[in-house]
Amino acid sequence: MLFQRDLVEEKLDSGKQTGRDYLQKIIQVPFDIPKIEPTRVQNLLFKEIENILEQDSSAVDMFDSGYWGNLFHGSLHMYFDNLRNVYRFSSTLSFHFSLLRGKRVFEVNPVDLIAIECLRFFEPDIYQEIARSKDVFTGHNAAKRSNKVVIEHILESSTNGKEKYVKELVEQIFPNTTSQYGEDFYKEWLREMRVYHPSNFDKYFQFTIPSGKLSNSDLLKMLELAANSENFIAFINSLKERNILRNALSKFESYIEKIPLENAAPFIRAILDVGYSVDHDTSGFAMTSSNLHLVRLVIWFLKRNEDIASRSQLLLKCFKESNGLSIVESILQGDENRREKPREPLFCQTVSLRN
C-alpha cells in the first residue's frame, strides 16, 4: 500500500486508540519512501518545459534563458518541490501553449507564459485579480503610487509563506510597475511579446487573439511583405477589410527599424500609393488616423538615413513613381512647419515636386 502516513493516521484516530497504533496491526513491514532530491525534481521540470517549447521553433528562438533563470531561482522554484506539482503544471502549460501557437510565430513570450501559468495554477486569486486589472499592470502609468497601492492589496492574497516570492515574481514580469520606462522600451516589449505591454496583455489571459487585434504572425508577414510594393498594398487592403488596419499600423510602428534599408523604395512607394485610400479621420476618440500612422512610418523609416540629401532624393523618387499625394503632402507640410522653428531639426531639404 502507498499512502501518506500522517494523513491516514489522523483519519484512523478514533479517540480510543491512535491511528498509528491501528496501522501497526495492519502493516507488517512498514518503510518510508525517501524524499526526492530537489535537483531531480527541477531537472524533470526543465525537461518537461523543453519538450513543450520544442513543439514550436519560434518559441525556442524567443526563449530568454537569462530571464528564465532569474524568474525560476528568484521565485518559481518554491512551487516545484514535488513530482505531483511538476506533472500537473506541465500538463496545463502544454494545453495553453498549444492555444497560442500562431501560423508563423508563437503569439506570446514563452517565459512570461510560464510565469503567468504558474500564477494561474498556484496562486489563482492573484491571477484573477491581475487579469481584471490590465490598466494597473500595463502602460506608462503602471508605476503610479495609486497603482502600487492596488498591487500591494492584490499581493496580500498570496499563499501563506510565499508572499515575498510572489512579490518578486510579479515585479519581474511587470517591471513597469516599479520604474518608469521610455517609449523605446515599450517598442522593444511589443516586439518581444512581453505581457506588460498593453497590446500583448489580453492574449495571456484569453489564450487567443482578441477581436480587432493583429496577431504576431500577421506582423511578421507584414514585415516580410515590405520588400514588394504590390504585396504590401494587398496586405494593407486585407487589414482594412478586417477592420484592424489602424491597430495594425500602430503596432507596426515598433517594427520600423526591422525593415532592411535596401527595401526602402518599394516600402515607401507602397505607402504613398495606399495613403489616399485609408481613413483620415481623427475626430472623437480616434486621435490618430490610419493615414497619420502611414505618415509616421515613412518619416521614421527615412530618419534612419542620417544623410538629409539622400533621404530627400529617395522621397522625391518614390513620389514620382507613385500616384498618391496625401502622404507626401503631410510630410512636406510638417517639414514646412518645422522650418518656422529653427531650433528643431529639418526632416528633408527643399525639393521641387514639379519635376
# chains A, B, ... in the order shown; residues from 1 in each chain; ligands from 1
>>> select_by_dssp(residues="range 5-56 of chain A", states="alpha helix (DSSP H)", output="PyMOL selection string")
chain A and resi 5-12+19-26+38-53
>>> residues_around(residues="range 91-107 of chain A", least_positions_apart="2", cutoff="10 Å", atoms="only C-alpha atoms", output="PyMOL selection string")
chain A and resi 48-49+51-53+55-62+85-89+109-110+113-114+116-118+120-121+192-193+200+203-204+206-209+215-221
>>> residues_around(residues="Glu168 in chain A", least_positions_apart="4", cutoff="8 Å", atoms="only C-alpha atoms", output="count of residues only")
4
>>> residues_around(residues="Trp189 in chain A", least_positions_apart="5", cutoff="10 Å", atoms="only C-alpha atoms", output="VMD selection string")
chain A and resid 109 183 to 184 194 to 200 254
>>> write_last_selection(atoms="N, CA and C atoms", output="short mmCIF file (atom, residue, chain, number, x, y, z; two decimals), in the first residue's frame")
data_model
loop_
_atom_site.label_atom_id
_atom_site.label_comp_id
_atom_site.auth_asym_id
_atom_site.auth_seq_id
_atom_site.Cartn_x
_atom_site.Cartn_y
_atom_site.Cartn_z
N ASN A 109 5.34 35.76 -25.30
CA ASN A 109 6.68 35.45 -24.84
C ASN A 109 6.64 34.17 -24.01
N GLU A 183 9.60 55.38 -24.23
CA GLU A 183 8.85 54.81 -25.35
C GLU A 183 9.65 53.73 -26.07
N ASP A 184 10.97 53.87 -26.15
CA ASP A 184 11.78 52.86 -26.84
C ASP A 184 11.67 51.50 -26.16
N ARG A 194 6.06 40.77 -24.65
CA ARG A 194 6.03 40.70 -23.20
C ARG A 194 4.63 41.02 -22.67
N VAL A 195 4.30 40.43 -21.55
CA VAL A 195 2.95 40.53 -21.00
C VAL A 195 2.61 41.94 -20.55
N TYR A 196 3.62 42.74 -20.17
CA TYR A 196 3.31 44.05 -19.61
C TYR A 196 3.13 45.13 -20.67
N HIS A 197 3.19 44.75 -21.96
CA HIS A 197 2.80 45.71 -23.00
C HIS A 197 1.29 45.60 -23.20
N PRO A 198 0.56 46.73 -23.20
CA PRO A 198 -0.90 46.68 -23.29
C PRO A 198 -1.43 45.88 -24.48
N SER A 199 -0.71 45.87 -25.60
CA SER A 199 -1.17 45.16 -26.78
C SER A 199 -1.04 43.65 -26.65
N ASN A 200 -0.21 43.19 -25.72
CA ASN A 200 0.02 41.76 -25.54
C ASN A 200 -0.73 41.16 -24.36
N SER A 254 6.44 49.89 -34.19
CA SER A 254 7.52 49.37 -33.35
C SER A 254 8.48 48.48 -34.13
#
>>> residues_around(residues="Met1 in chain A", least_positions_apart="4", cutoff="12 Å", atoms="only C-alpha atoms", output="list in words")
Arg5, Val8, Leu23, Ile26, Ile27, Gln28, Val29, Pro30, Phe31, Asp32 and Ile33 of chain A
>>> residues_around(residues="Asp81 in chain A", least_positions_apart="4", cutoff="9 Å", atoms="only C-alpha atoms", output="ChimeraX atom specification")
/A:36-38,41-42,77,85-86
>>> write_last_selection(atoms="C-alpha atoms", output="mmCIF file, in the first residue's frame")
data_model
loop_
_atom_site.group_PDB
_atom_site.id
_atom_site.type_symbol
_atom_site.label_atom_id
_atom_site.label_comp_id
_atom_site.auth_asym_id
_atom_site.auth_seq_id
_atom_site.Cartn_x
_atom_site.Cartn_y
_atom_site.Cartn_z
ATOM 1 C CA ILE A 36 13.205 13.068 -3.778
ATOM 2 C CA GLU A 37 16.156 15.396 -4.207
ATOM 3 C CA PRO A 38 15.164 18.957 -5.256
ATOM 4 C CA VAL A 41 12.523 17.478 -9.393
ATOM 5 C CA GLN A 42 13.862 20.618 -11.072
ATOM 6 C CA HIS A 77 11.406 27.243 -7.625
ATOM 7 C CA ASN A 85 3.284 19.714 -8.956
ATOM 8 C CA VAL A 86 5.671 19.225 -11.867
#
>>> residues_around(residues="Val136 in chain A", least_positions_apart="6", cutoff="9 Å", atoms="only C-alpha atoms", output="VMD selection string")
chain A and resid 130 142 to 144 146 to 148 150 to 151 177
>>> atom_distance(atom1="CA of Cys318 in chain A", atom2="CA of Ala270 in chain A")
9.0 Å
